[in-house]
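Data block for coords-v6.cif (mmCIF, C-alpha atoms):
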```cif
data_coords
loop_
_atom_site.label_atom_id
_atom_site.label_comp_id
_atom_site.auth_asym_id
_atom_site.auth_seq_id
_atom_site.Cartn_x
_atom_site.Cartn_y
_atom_site.Cartn_z
CA MET H 1 -44.75 111.64 241.51
CA ILE H 2 -43.11 108.48 242.80
CA LYS H 3 -45.31 105.58 243.91
CA THR H 4 -44.95 102.26 245.67
CA GLU H 5 -47.34 99.90 243.91
CA ASN H 6 -47.47 96.41 242.48
CA PHE H 7 -46.80 95.81 238.82
CA ALA H 8 -50.45 95.11 238.03
CA SER H 9 -51.43 98.62 239.19
CA TYR H 10 -48.56 100.13 237.23
CA ALA H 11 -49.40 98.19 234.07
CA VAL H 12 -53.03 99.35 233.82
CA ASN H 13 -52.08 103.04 233.94
CA PRO H 14 -52.30 104.31 230.32
CA ALA H 15 -49.34 106.72 230.57
CA ILE H 16 -46.58 106.41 227.96
CA ASN H 17 -43.63 104.26 229.05
CA ALA H 18 -40.36 103.02 227.56
CA SER H 19 -41.85 99.67 226.53
CA PHE H 20 -44.51 101.49 224.52
CA LEU H 21 -41.84 103.59 222.81
CA LYS H 22 -39.82 100.51 221.89
CA GLN H 23 -42.90 98.83 220.46
CA LEU H 24 -43.60 101.92 218.35
CA LYS H 25 -40.09 101.64 216.96
CA LYS H 26 -41.24 98.29 215.51
CA CYS H 27 -44.38 100.01 214.20
CA SER H 28 -46.46 97.95 216.58
CA VAL H 29 -48.32 98.49 219.84
CA GLU H 30 -48.54 94.81 220.76
CA ASN H 31 -46.35 93.57 223.58
CA LYS H 32 -46.80 89.83 223.95
CA ASP H 33 -45.44 87.92 226.92
CA THR H 34 -42.95 85.16 226.14
CA VAL H 35 -41.50 82.33 228.21
CA ALA H 36 -38.21 84.25 228.37
CA MET H 37 -39.98 87.41 229.55
CA ASN H 38 -41.89 85.47 232.21
CA PHE H 39 -38.64 83.96 233.51
CA GLY H 40 -37.08 87.42 233.53
CA THR H 41 -39.98 88.75 235.61
CA ALA H 42 -39.53 85.87 238.06
CA PHE H 43 -35.79 86.65 238.27
CA HIS H 44 -36.51 90.30 239.11
CA THR H 45 -38.96 89.28 241.80
CA PHE H 46 -36.60 86.68 243.24
CA ILE H 47 -33.73 89.20 243.53
CA LEU H 48 -35.53 92.43 244.32
CA GLU H 49 -38.72 91.31 246.08
CA PRO H 50 -38.01 87.86 247.55
CA GLU H 51 -41.01 88.02 249.86
CA GLU H 52 -43.25 88.63 246.87
CA PHE H 53 -41.80 85.63 245.05
CA GLN H 54 -43.34 83.36 247.66
CA ASN H 55 -46.68 85.12 247.26
CA GLN H 56 -46.73 85.03 243.47
CA TYR H 57 -45.14 81.71 242.50
CA TYR H 58 -45.82 78.07 243.30
CA VAL H 59 -42.73 75.89 242.83
CA PHE H 60 -43.60 72.37 241.74
CA ASP H 61 -41.20 69.42 241.74
CA ASP H 62 -42.03 66.67 239.23
CA THR H 63 -38.94 64.57 240.02
CA ASP H 64 -40.85 61.76 241.74
CA ILE H 65 -43.69 61.57 239.20
CA MET H 66 -41.19 61.53 236.33
CA LYS H 67 -39.31 58.69 238.03
CA LYS H 68 -42.54 56.76 238.55
CA GLY H 69 -43.53 57.18 234.91
CA ILE H 70 -40.15 55.95 233.70
CA GLU H 71 -40.39 52.93 236.02
CA GLU H 72 -43.80 52.14 234.51
CA GLY H 73 -42.26 52.20 231.04
CA LEU H 74 -43.94 55.35 229.77
CA LYS H 75 -42.15 56.78 226.73
CA ASN H 76 -43.61 60.28 227.11
CA VAL H 77 -44.18 60.78 230.80
CA ARG H 78 -45.24 64.46 230.59
CA GLY H 79 -47.79 63.57 227.92
CA SER H 80 -49.27 60.71 229.92
CA LYS H 81 -52.49 60.60 231.95
CA LEU H 82 -50.39 59.81 235.02
CA TYR H 83 -48.49 63.08 234.72
CA LYS H 84 -51.51 65.18 233.68
CA ASP H 85 -53.51 63.98 236.69
CA TRP H 86 -50.60 64.79 239.00
CA LYS H 87 -50.15 68.20 237.35
CA ALA H 88 -53.86 68.98 237.80
CA GLY H 89 -53.44 68.37 241.53
CA GLU H 90 -50.45 70.72 241.65
CA GLU H 91 -52.36 73.41 239.78
CA LYS H 92 -55.15 73.12 242.35
CA ASN H 93 -52.58 73.52 245.14
CA ALA H 94 -51.12 76.56 243.38
CA GLY H 95 -54.43 78.39 243.32
CA LYS H 96 -53.88 81.82 241.81
CA LYS H 97 -50.10 81.57 242.02
CA MET H 98 -48.02 81.13 238.87
CA MET H 99 -46.63 77.63 238.36
CA PHE H 100 -42.83 77.54 238.44
CA SER H 101 -40.77 74.40 237.91
CA ILE H 102 -38.14 73.21 240.38
CA GLY H 103 -35.57 73.30 237.58
CA ASP H 104 -36.21 76.97 236.87
CA TYR H 105 -36.21 77.69 240.61
CA ARG H 106 -32.77 76.11 241.00
CA THR H 107 -31.56 78.22 238.10
CA LEU H 108 -32.76 81.36 239.90
CA GLN H 109 -30.94 80.25 243.04
CA ALA H 110 -27.72 79.65 241.10
CA MET H 111 -27.97 83.05 239.38
CA ALA H 112 -28.54 84.82 242.70
CA GLU H 113 -25.73 82.99 244.47
CA ARG H 114 -23.20 83.72 241.71
CA LEU H 115 -24.23 87.36 241.54
CA LYS H 116 -23.68 87.77 245.28
CA LEU H 117 -20.39 85.84 245.22
CA ASN H 118 -18.79 87.27 242.06
CA ASN H 119 -20.13 90.82 241.93
CA PRO H 120 -20.11 92.45 245.38
CA ASN H 121 -20.38 95.94 243.88
CA ALA H 122 -23.61 95.01 242.10
CA THR H 123 -24.89 93.46 245.33
CA LYS H 124 -24.01 96.69 247.17
CA LEU H 125 -25.89 98.71 244.55
CA ILE H 126 -28.96 96.52 245.08
CA SER H 127 -28.71 96.78 248.87
CA ASN H 128 -28.45 100.58 248.84
CA SER H 129 -31.53 101.30 246.76
CA LEU H 130 -35.31 101.21 246.78
CA HIS H 131 -36.77 98.55 244.51
CA GLU H 132 -39.59 98.49 241.97
CA LYS H 133 -40.65 102.12 242.25
CA SER H 134 -42.98 103.80 239.78
CA ILE H 135 -42.30 107.36 238.59
CA TYR H 136 -45.07 109.40 236.97
CA GLN H 137 -44.45 112.69 235.18
CA SER H 138 -45.95 114.90 232.51
CA LEU H 139 -43.97 115.88 229.40
CA ASP H 140 -44.55 118.62 226.86
CA ILE H 141 -44.68 117.06 223.40
CA ASP H 142 -45.19 119.56 220.59
CA GLY H 143 -47.00 121.97 222.89
CA GLU H 144 -49.28 119.44 224.59
CA GLN H 145 -48.91 117.67 227.93
CA PHE H 146 -48.82 113.87 228.00
CA ASP H 147 -48.59 111.57 231.00
CA VAL H 148 -45.49 109.36 231.07
CA LYS H 149 -44.30 106.70 233.48
CA CYS H 150 -41.46 104.33 234.24
CA ARG H 151 -40.87 101.56 236.77
CA VAL H 152 -37.26 101.35 237.89
CA ASP H 153 -35.69 98.21 239.33
CA GLY H 154 -33.52 100.20 241.73
CA LEU H 155 -33.43 103.85 242.79
CA ASN H 156 -31.34 105.94 245.18
CA SER H 157 -32.19 109.65 245.32
CA GLU H 158 -30.34 110.43 248.56
CA LEU H 159 -26.94 111.12 246.97
CA ASN H 160 -25.86 114.38 245.31
CA VAL H 161 -25.94 112.44 242.08
CA GLY H 162 -28.68 109.84 242.32
CA PHE H 163 -28.60 106.49 240.59
CA ILE H 164 -30.95 104.09 238.90
CA PHE H 165 -30.18 100.50 238.06
CA ASP H 166 -31.79 98.05 235.68
CA LEU H 167 -31.41 94.32 236.36
CA LYS H 168 -31.16 92.28 233.15
CA LYS H 169 -30.90 88.55 232.62
CA THR H 170 -28.82 87.92 229.54
CA VAL H 171 -27.24 85.30 227.34
CA THR H 172 -23.84 86.93 227.83
CA ALA H 173 -22.64 89.61 230.23
CA HIS H 174 -19.36 89.98 228.31
CA PRO H 175 -18.83 93.64 227.27
CA ASP H 176 -18.83 92.90 223.53
CA GLY H 177 -21.85 90.64 223.50
CA PHE H 178 -23.90 92.58 226.01
CA GLY H 179 -23.35 95.82 224.13
CA ARG H 180 -25.00 94.21 221.11
CA GLU H 181 -27.91 93.06 223.27
CA CYS H 182 -28.37 96.63 224.54
CA GLY H 183 -28.77 97.87 221.00
CA LYS H 184 -30.97 94.95 219.94
CA TYR H 185 -33.43 95.32 222.82
CA GLY H 186 -33.36 99.11 223.06
CA TYR H 187 -31.78 99.40 226.50
CA HIS H 188 -30.40 102.80 225.48
CA ILE H 189 -33.99 104.00 225.03
CA SER H 190 -35.01 102.74 228.47
CA ALA H 191 -31.91 104.21 230.15
CA ALA H 192 -32.42 107.66 228.63
CA PHE H 193 -36.14 107.63 229.45
CA TYR H 194 -35.63 106.53 233.06
CA LYS H 195 -32.92 109.13 233.58
CA ARG H 196 -35.12 111.88 232.16
CA LEU H 197 -38.06 111.08 234.42
CA ALA H 198 -35.94 110.62 237.54
CA GLU H 199 -34.20 113.97 237.03
CA LEU H 200 -37.57 115.67 236.57
CA GLU H 201 -38.90 114.02 239.72
CA PHE H 202 -35.96 114.82 242.00
CA ASN H 203 -34.46 117.87 240.27
CA LYS H 204 -30.93 116.49 240.37
CA PRO H 205 -28.62 114.53 238.06
CA PHE H 206 -28.84 110.74 237.91
CA GLU H 207 -26.55 108.01 236.67
CA VAL H 208 -27.90 104.81 235.17
CA PHE H 209 -26.40 101.37 235.78
CA ILE H 210 -27.23 98.00 234.30
CA ILE H 211 -26.58 94.75 236.16
CA ALA H 212 -26.26 92.03 233.53
CA GLN H 213 -26.68 88.49 234.87
CA GLU H 214 -26.15 85.44 232.67
CA GLU H 215 -28.93 82.84 232.75
CA THR H 216 -26.74 79.79 232.06
CA ALA H 217 -23.74 78.30 233.86
CA PRO H 218 -21.32 79.57 235.03
CA TYR H 219 -23.76 82.49 235.57
CA ASN H 220 -21.28 85.33 235.16
CA SER H 221 -22.39 88.92 235.62
CA GLY H 222 -21.34 92.46 234.78
CA LEU H 223 -22.01 95.83 236.40
CA TYR H 224 -22.17 98.55 233.75
CA ARG H 225 -22.43 102.33 233.97
CA VAL H 226 -24.44 103.60 231.01
CA SER H 227 -22.16 106.00 229.14
CA PRO H 228 -23.08 109.58 228.19
CA ALA H 229 -22.82 108.52 224.53
CA MET H 230 -25.36 105.74 225.07
CA ILE H 231 -27.69 108.16 226.89
CA GLN H 232 -27.35 110.65 224.04
CA LYS H 233 -28.25 107.99 221.47
CA GLY H 234 -31.20 107.01 223.61
CA ASN H 235 -32.39 110.61 223.93
CA VAL H 236 -32.38 111.09 220.16
CA GLU H 237 -34.66 108.09 219.75
CA VAL H 238 -36.81 108.95 222.77
CA ASP H 239 -37.54 112.43 221.36
CA LYS H 240 -38.63 110.99 218.00
CA LEU H 241 -40.66 108.18 219.54
CA LEU H 242 -42.42 110.49 222.00
CA LYS H 243 -43.77 112.47 219.06
CA LEU H 244 -45.02 109.27 217.48
CA ALA H 245 -46.51 108.17 220.81
CA ALA H 246 -48.36 111.49 221.10
CA HIS H 247 -49.75 110.98 217.59
CA VAL H 248 -50.93 107.46 218.47
CA LYS H 249 -52.52 108.60 221.74
CA LYS H 250 -54.38 111.45 220.01
CA THR H 251 -55.53 109.66 216.86
CA GLY H 252 -55.41 105.96 217.71
CA GLN H 253 -53.59 105.47 214.41
CA LEU H 254 -50.16 103.94 214.01
CA SER H 255 -47.85 104.97 211.20
CA SER H 256 -45.65 102.47 209.38
CA TYR H 257 -41.94 102.65 208.61
CA GLU H 258 -42.25 106.05 206.94
CA ILE H 259 -41.70 107.49 210.42
CA PHE H 260 -37.99 106.80 209.88
CA SER H 261 -37.90 108.97 206.74
CA SER H 262 -36.94 112.63 206.54
CA ASP H 263 -38.56 112.80 203.08
CA PRO H 264 -41.88 114.72 202.99
CA TYR H 265 -43.45 111.80 201.12
CA GLY H 266 -42.19 109.21 203.56
CA ILE H 267 -39.80 107.63 201.06
CA LEU H 268 -36.88 105.80 202.70
CA ASP H 269 -33.29 105.84 201.45
CA LEU H 270 -31.91 102.32 201.18
CA ASP H 271 -28.32 101.25 201.80
CA ILE H 272 -26.56 98.30 203.37
CA PRO H 273 -24.89 98.45 206.83
CA ASN H 274 -21.21 99.36 206.85
CA TYR H 275 -20.17 95.99 208.24
CA TYR H 276 -21.35 94.32 205.01
CA SER H 277 -19.11 96.56 202.92
CA ASN H 278 -15.41 95.76 203.42
CA ASP H 279 -12.47 97.56 201.88
CA TYR H 280 -10.91 95.28 199.31
CA GLU H 281 -9.40 95.39 195.82
CA LEU H 282 -10.89 93.58 192.88
CA ASN H 283 -8.28 91.61 190.97
CA ILE H 284 -9.55 91.51 187.40
#
```

Can you dump the structure from the file as structure tokens?
Amino acid sequence: MIKTENFASYAVNPAINASFLKQLKKCSVENKDTVAMNFGTAFHTFILEPEEFQNQYYVFDDTDIMKKGIEEGLKNVRGSKLYKDWKAGEEKNAGKKMMFSIGDYRTLQAMAERLKLNNPNATKLISNSLHEKSIYQSLDIDGEQFDVKCRVDGLNSELNVGFIFDLKKTVTAHPDGFGRECGKYGYHISAAFYKRLAELEFNKPFEVFIIAQEETAPYNSGLYRVSPAMIQKGNVEVDKLLKLAAHVKKTGQLSSYEIFSSDPYGILDLDIPNYYSNDYELNI
């Protein structure tokens, strides 16, 4: 089932999703919001749901109050009563909207402008897709059915081979650096999971793309097609993590790092990564 819903409705549904799987990989079920994650959410909304950005965020400009504080000789303007009183007034004006600084807003504008200017193919991908759609399915895990879900940034199911795209803000969109980020943040897990659910929903093959947008000047971007090798690596991990997720859902108990062991007693083999072991000769 595919649904059009806001993120709050999606988030409260207890079905297993890719974020839950990636948290289980860390042997944790906590998923705490960070400043970076909040900015990333704002970026998604600004690009994919611009009308919703106005409904959800209140942009405040402290330029004038900062200038006034400096003129009055305040050493820490933002820590002063002057600033706090002004900020309280802005928070009242914001109501239930999330406060968003003018500096961060200008960064979003710069990111969006550079994406449109420098990456027309990514912009075309965005224009030719539905945004922020939720997909719900049921998967057989060890003989039992479990509800699963994903929320895709972009989706086009009209083509013979459909496509999904994921919009990512990033430190670097360069192929070398971004590839490392994909591994670090488990984007291969998300890509494989999204592809699996979309193909179940629409009964056709799907490709997965990632639009990587840098968050600092000059705000370069990259449009990437997720390779079959990356999907395969993701599927291997998804299959293992789905079994762990089923265990957690049934028992409420979370295993520790023994889940990564093939030993019946949960003992882990220890080695160092290959990149720490270089070929060299010892001159004795």

Given all atoms listed in the file as the basis, pick out the residue of H:Lys195, H:Arg114, H:His188, H:Arg151 nearest to Val236 in chain H.
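Between H:Lys195, H:Arg114, H:His188, H:Arg151, the residue approaching Val236 in chain H most closely is H:His188.
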
Using only C-alpha atoms, the residue out of H:Asn93, H:Gln145, H:Gln109, H:Asn76 with shortest distance to Tyr58 in chain H is H:Asn93

Which residues match the PyMOL selection byres ((chain H and resi 94) around 12) in the file above, as an MDAnalysis selection string?
chainID H and resid 54:60 87:93 95:101

Would you pick out the contacts of Arg106 in chain H at 12 Å or less, using all atoms listed in the file, so that residues sharing its chain but fewer than 4 positions from it are not included, and give the list as JSON, numbers by chain?
{"H": [43, 46, 59, 60, 61, 100, 101, 102, 110, 111, 112, 113, 215, 216, 217]}

Put those residues in a file: C-alpha atoms, as a PDB file, in the frame of the given file.
```
ATOM      1  CA  PHE H  43     -35.790  86.650 238.270  1.00  0.00           C
ATOM      2  CA  PHE H  46     -36.600  86.680 243.240  1.00  0.00           C
ATOM      3  CA  VAL H  59     -42.730  75.890 242.830  1.00  0.00           C
ATOM      4  CA  PHE H  60     -43.600  72.370 241.740  1.00  0.00           C
ATOM      5  CA  ASP H  61     -41.200  69.420 241.740  1.00  0.00           C
ATOM      6  CA  PHE H 100     -42.830  77.540 238.440  1.00  0.00           C
ATOM      7  CA  SER H 101     -40.770  74.400 237.910  1.00  0.00           C
ATOM      8  CA  ILE H 102     -38.140  73.210 240.380  1.00  0.00           C
ATOM      9  CA  ALA H 110     -27.720  79.650 241.100  1.00  0.00           C
ATOM     10  CA  MET H 111     -27.970  83.050 239.380  1.00  0.00           C
ATOM     11  CA  ALA H 112     -28.540  84.820 242.700  1.00  0.00           C
ATOM     12  CA  GLU H 113     -25.730  82.990 244.470  1.00  0.00           C
ATOM     13  CA  GLU H 215     -28.930  82.840 232.750  1.00  0.00           C
ATOM     14  CA  THR H 216     -26.740  79.790 232.060  1.00  0.00           C
ATOM     15  CA  ALA H 217     -23.740  78.300 233.860  1.00  0.00           C
TER      16      ALA H 217
END
```

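Between CA of Lys149 in chain H and CA of Ala198 in chain H there is a distance of 10.1 Å.
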
Starting from the displayed file, determine the output of the PyMOL selection byres ((chain H and resi 131-141) around 7) and express the residue list as number ranges by chain.
H: 1-4, 48, 129-130, 142-155, 197, 243

CA of Asn118 in chain H and CA of Gly222 in chain H are how many Å apart?
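If I compute the distance from CA of Asn118 in chain H to CA of Gly222 in chain H, I get 9.3 Å.
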
Pairwise distance, CA of Val208 in chain H with CA of Tyr10 in chain H, equals 21.3 Å

Selection result of the PyMOL selection byres ((chain H and resi 162-169) around 6) on this file, as a PyMOL selection string:
chain H and resi 153-157+159+161+170+206-214

For the residues in that selection, give me C-alpha atoms as an mmCIF file, in the frame of the given file.
```
data_model
loop_
_atom_site.group_PDB
_atom_site.id
_atom_site.type_symbol
_atom_site.label_atom_id
_atom_site.label_comp_id
_atom_site.auth_asym_id
_atom_site.auth_seq_id
_atom_site.Cartn_x
_atom_site.Cartn_y
_atom_site.Cartn_z
ATOM 1 C CA ASP H 153 -35.690 98.210 239.330
ATOM 2 C CA GLY H 154 -33.520 100.200 241.730
ATOM 3 C CA LEU H 155 -33.430 103.850 242.790
ATOM 4 C CA ASN H 156 -31.340 105.940 245.180
ATOM 5 C CA SER H 157 -32.190 109.650 245.320
ATOM 6 C CA LEU H 159 -26.940 111.120 246.970
ATOM 7 C CA VAL H 161 -25.940 112.440 242.080
ATOM 8 C CA THR H 170 -28.820 87.920 229.540
ATOM 9 C CA PHE H 206 -28.840 110.740 237.910
ATOM 10 C CA GLU H 207 -26.550 108.010 236.670
ATOM 11 C CA VAL H 208 -27.900 104.810 235.170
ATOM 12 C CA PHE H 209 -26.400 101.370 235.780
ATOM 13 C CA ILE H 210 -27.230 98.000 234.300
ATOM 14 C CA ILE H 211 -26.580 94.750 236.160
ATOM 15 C CA ALA H 212 -26.260 92.030 233.530
ATOM 16 C CA GLN H 213 -26.680 88.490 234.870
ATOM 17 C CA GLU H 214 -26.150 85.440 232.670
#
```

Find the residue from H:Asn235, H:Asn274, H:Ser80, H:Asn128 that sits nearest to Tyr187 in chain H; use only C-alpha atoms when measuring.
H:Asn235

Can you list, as an MDAnalysis selection string, every protein, DNA or RNA residue that comes within 10 Å of Gly186 in chain H when you count all atoms listed in the file, leaving out same-chain residues fewer than 6 positions away?
chainID H and resid 18:19 21:23 25 180 234 237

Nearby residues, (-43.1, 105.4, 219.2) file frame, 6 Å, all atoms listed in the file, as a list in words
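Protein and nucleic acid residues near the point are Leu21, Leu24, Lys25, Leu241, Leu242, Leu244 and Ala245 of chain H.
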
Which is closest to Asn220 in chain H among H:Gly69, H:Pro50, H:Gly252, H:Pro175, if we use all atoms listed in the file?
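For Asn220 in chain H, the nearest of the given residues is H:Pro175.
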
My structure is short of atoms at range 39-67 of chain H; please model N, CA and C atoms there, returning them as a PDB file, in the coordinates of the input.
```
ATOM      1  N   PHE H  39     -39.758  84.357 232.659  1.00  0.00           N
ATOM      2  CA  PHE H  39     -38.640  83.960 233.510  1.00  0.00           C
ATOM      3  C   PHE H  39     -37.896  85.188 234.011  1.00  0.00           C
ATOM      4  N   GLY H  40     -37.749  86.186 233.134  1.00  0.00           N
ATOM      5  CA  GLY H  40     -37.080  87.420 233.530  1.00  0.00           C
ATOM      6  C   GLY H  40     -37.835  88.139 234.641  1.00  0.00           C
ATOM      7  N   THR H  41     -39.166  88.139 234.559  1.00  0.00           N
ATOM      8  CA  THR H  41     -39.980  88.750 235.610  1.00  0.00           C
ATOM      9  C   THR H  41     -39.782  88.008 236.935  1.00  0.00           C
ATOM     10  N   ALA H  42     -39.753  86.680 236.856  1.00  0.00           N
ATOM     11  CA  ALA H  42     -39.530  85.870 238.060  1.00  0.00           C
ATOM     12  C   ALA H  42     -38.153  86.164 238.659  1.00  0.00           C
ATOM     13  N   PHE H  43     -37.140  86.339 237.805  1.00  0.00           N
ATOM     14  CA  PHE H  43     -35.790  86.650 238.270  1.00  0.00           C
ATOM     15  C   PHE H  43     -35.763  87.987 239.011  1.00  0.00           C
ATOM     16  N   HIS H  44     -36.432  89.000 238.442  1.00  0.00           N
ATOM     17  CA  HIS H  44     -36.510  90.300 239.110  1.00  0.00           C
ATOM     18  C   HIS H  44     -37.152  90.160 240.485  1.00  0.00           C
ATOM     19  N   THR H  45     -38.257  89.443 240.537  1.00  0.00           N
ATOM     20  CA  THR H  45     -38.960  89.280 241.800  1.00  0.00           C
ATOM     21  C   THR H  45     -38.110  88.529 242.809  1.00  0.00           C
ATOM     22  N   PHE H  46     -37.427  87.496 242.360  1.00  0.00           N
ATOM     23  CA  PHE H  46     -36.600  86.680 243.240  1.00  0.00           C
ATOM     24  C   PHE H  46     -35.463  87.487 243.858  1.00  0.00           C
ATOM     25  N   ILE H  47     -34.862  88.393 243.067  1.00  0.00           N
ATOM     26  CA  ILE H  47     -33.730  89.200 243.530  1.00  0.00           C
ATOM     27  C   ILE H  47     -34.188  90.420 244.313  1.00  0.00           C
ATOM     28  N   LEU H  48     -35.178  91.120 243.787  1.00  0.00           N
ATOM     29  CA  LEU H  48     -35.530  92.430 244.320  1.00  0.00           C
ATOM     30  C   LEU H  48     -36.696  92.408 245.315  1.00  0.00           C
ATOM     31  N   GLU H  49     -37.573  91.415 245.191  1.00  0.00           N
ATOM     32  CA  GLU H  49     -38.720  91.310 246.080  1.00  0.00           C
ATOM     33  C   GLU H  49     -38.917  89.857 246.507  1.00  0.00           C
ATOM     34  N   PRO H  50     -37.944  89.301 247.227  1.00  0.00           N
ATOM     35  CA  PRO H  50     -38.010  87.860 247.550  1.00  0.00           C
ATOM     36  C   PRO H  50     -39.268  87.456 248.299  1.00  0.00           C
ATOM     37  N   GLU H  51     -39.787  88.358 249.129  1.00  0.00           N
ATOM     38  CA  GLU H  51     -41.010  88.020 249.860  1.00  0.00           C
ATOM     39  C   GLU H  51     -42.201  87.896 248.914  1.00  0.00           C
ATOM     40  N   GLU H  52     -42.176  88.696 247.844  1.00  0.00           N
ATOM     41  CA  GLU H  52     -43.250  88.630 246.870  1.00  0.00           C
ATOM     42  C   GLU H  52     -43.160  87.379 246.007  1.00  0.00           C
ATOM     43  N   PHE H  53     -41.947  86.856 245.835  1.00  0.00           N
ATOM     44  CA  PHE H  53     -41.800  85.630 245.050  1.00  0.00           C
ATOM     45  C   PHE H  53     -42.627  84.508 245.672  1.00  0.00           C
ATOM     46  N   GLN H  54     -42.585  84.405 246.966  1.00  0.00           N
ATOM     47  CA  GLN H  54     -43.340  83.360 247.660  1.00  0.00           C
ATOM     48  C   GLN H  54     -44.854  83.570 247.501  1.00  0.00           C
ATOM     49  N   ASN H  55     -45.255  84.820 247.403  1.00  0.00           N
ATOM     50  CA  ASN H  55     -46.680  85.120 247.260  1.00  0.00           C
ATOM     51  C   ASN H  55     -47.193  84.913 245.841  1.00  0.00           C
ATOM     52  N   GLN H  56     -46.293  85.041 244.862  1.00  0.00           N
ATOM     53  CA  GLN H  56     -46.730  85.030 243.470  1.00  0.00           C
ATOM     54  C   GLN H  56     -46.485  83.711 242.741  1.00  0.00           C
ATOM     55  N   TYR H  57     -45.536  82.909 243.239  1.00  0.00           N
ATOM     56  CA  TYR H  57     -45.140  81.710 242.500  1.00  0.00           C
ATOM     57  C   TYR H  57     -45.308  80.449 243.343  1.00  0.00           C
ATOM     58  N   TYR H  58     -45.710  79.381 242.672  1.00  0.00           N
ATOM     59  CA  TYR H  58     -45.820  78.070 243.300  1.00  0.00           C
ATOM     60  C   TYR H  58     -44.791  77.156 242.628  1.00  0.00           C
ATOM     61  N   VAL H  59     -43.791  76.729 243.386  1.00  0.00           N
ATOM     62  CA  VAL H  59     -42.730  75.890 242.830  1.00  0.00           C
ATOM     63  C   VAL H  59     -43.161  74.433 242.929  1.00  0.00           C
ATOM     64  N   PHE H  60     -43.219  73.778 241.766  1.00  0.00           N
ATOM     65  CA  PHE H  60     -43.600  72.370 241.740  1.00  0.00           C
ATOM     66  C   PHE H  60     -42.406  71.507 241.348  1.00  0.00           C
ATOM     67  N   ASP H  61     -42.319  70.339 241.966  1.00  0.00           N
ATOM     68  CA  ASP H  61     -41.200  69.420 241.740  1.00  0.00           C
ATOM     69  C   ASP H  61     -41.766  68.115 241.163  1.00  0.00           C
ATOM     70  N   ASP H  62     -41.498  67.873 239.888  1.00  0.00           N
ATOM     71  CA  ASP H  62     -42.030  66.670 239.230  1.00  0.00           C
ATOM     72  C   ASP H  62     -41.022  65.522 239.200  1.00  0.00           C
ATOM     73  N   THR H  63     -39.980  65.603 240.031  1.00  0.00           N
ATOM     74  CA  THR H  63     -38.940  64.570 240.020  1.00  0.00           C
ATOM     75  C   THR H  63     -39.522  63.184 240.291  1.00  0.00           C
ATOM     76  N   ASP H  64     -40.317  63.072 241.342  1.00  0.00           N
ATOM     77  CA  ASP H  64     -40.850  61.760 241.740  1.00  0.00           C
ATOM     78  C   ASP H  64     -41.827  61.211 240.711  1.00  0.00           C
ATOM     79  N   ILE H  65     -42.712  62.062 240.174  1.00  0.00           N
ATOM     80  CA  ILE H  65     -43.690  61.570 239.200  1.00  0.00           C
ATOM     81  C   ILE H  65     -43.007  61.189 237.895  1.00  0.00           C
ATOM     82  N   MET H  66     -41.957  61.895 237.526  1.00  0.00           N
ATOM     83  CA  MET H  66     -41.190  61.530 236.330  1.00  0.00           C
ATOM     84  C   MET H  66     -40.522  60.163 236.537  1.00  0.00           C
ATOM     85  N   LYS H  67     -39.958  59.962 237.716  1.00  0.00           N
ATOM     86  CA  LYS H  67     -39.310  58.690 238.030  1.00  0.00           C
ATOM     87  C   LYS H  67     -40.312  57.540 237.994  1.00  0.00           C
TER      88      LYS H  67
END
```
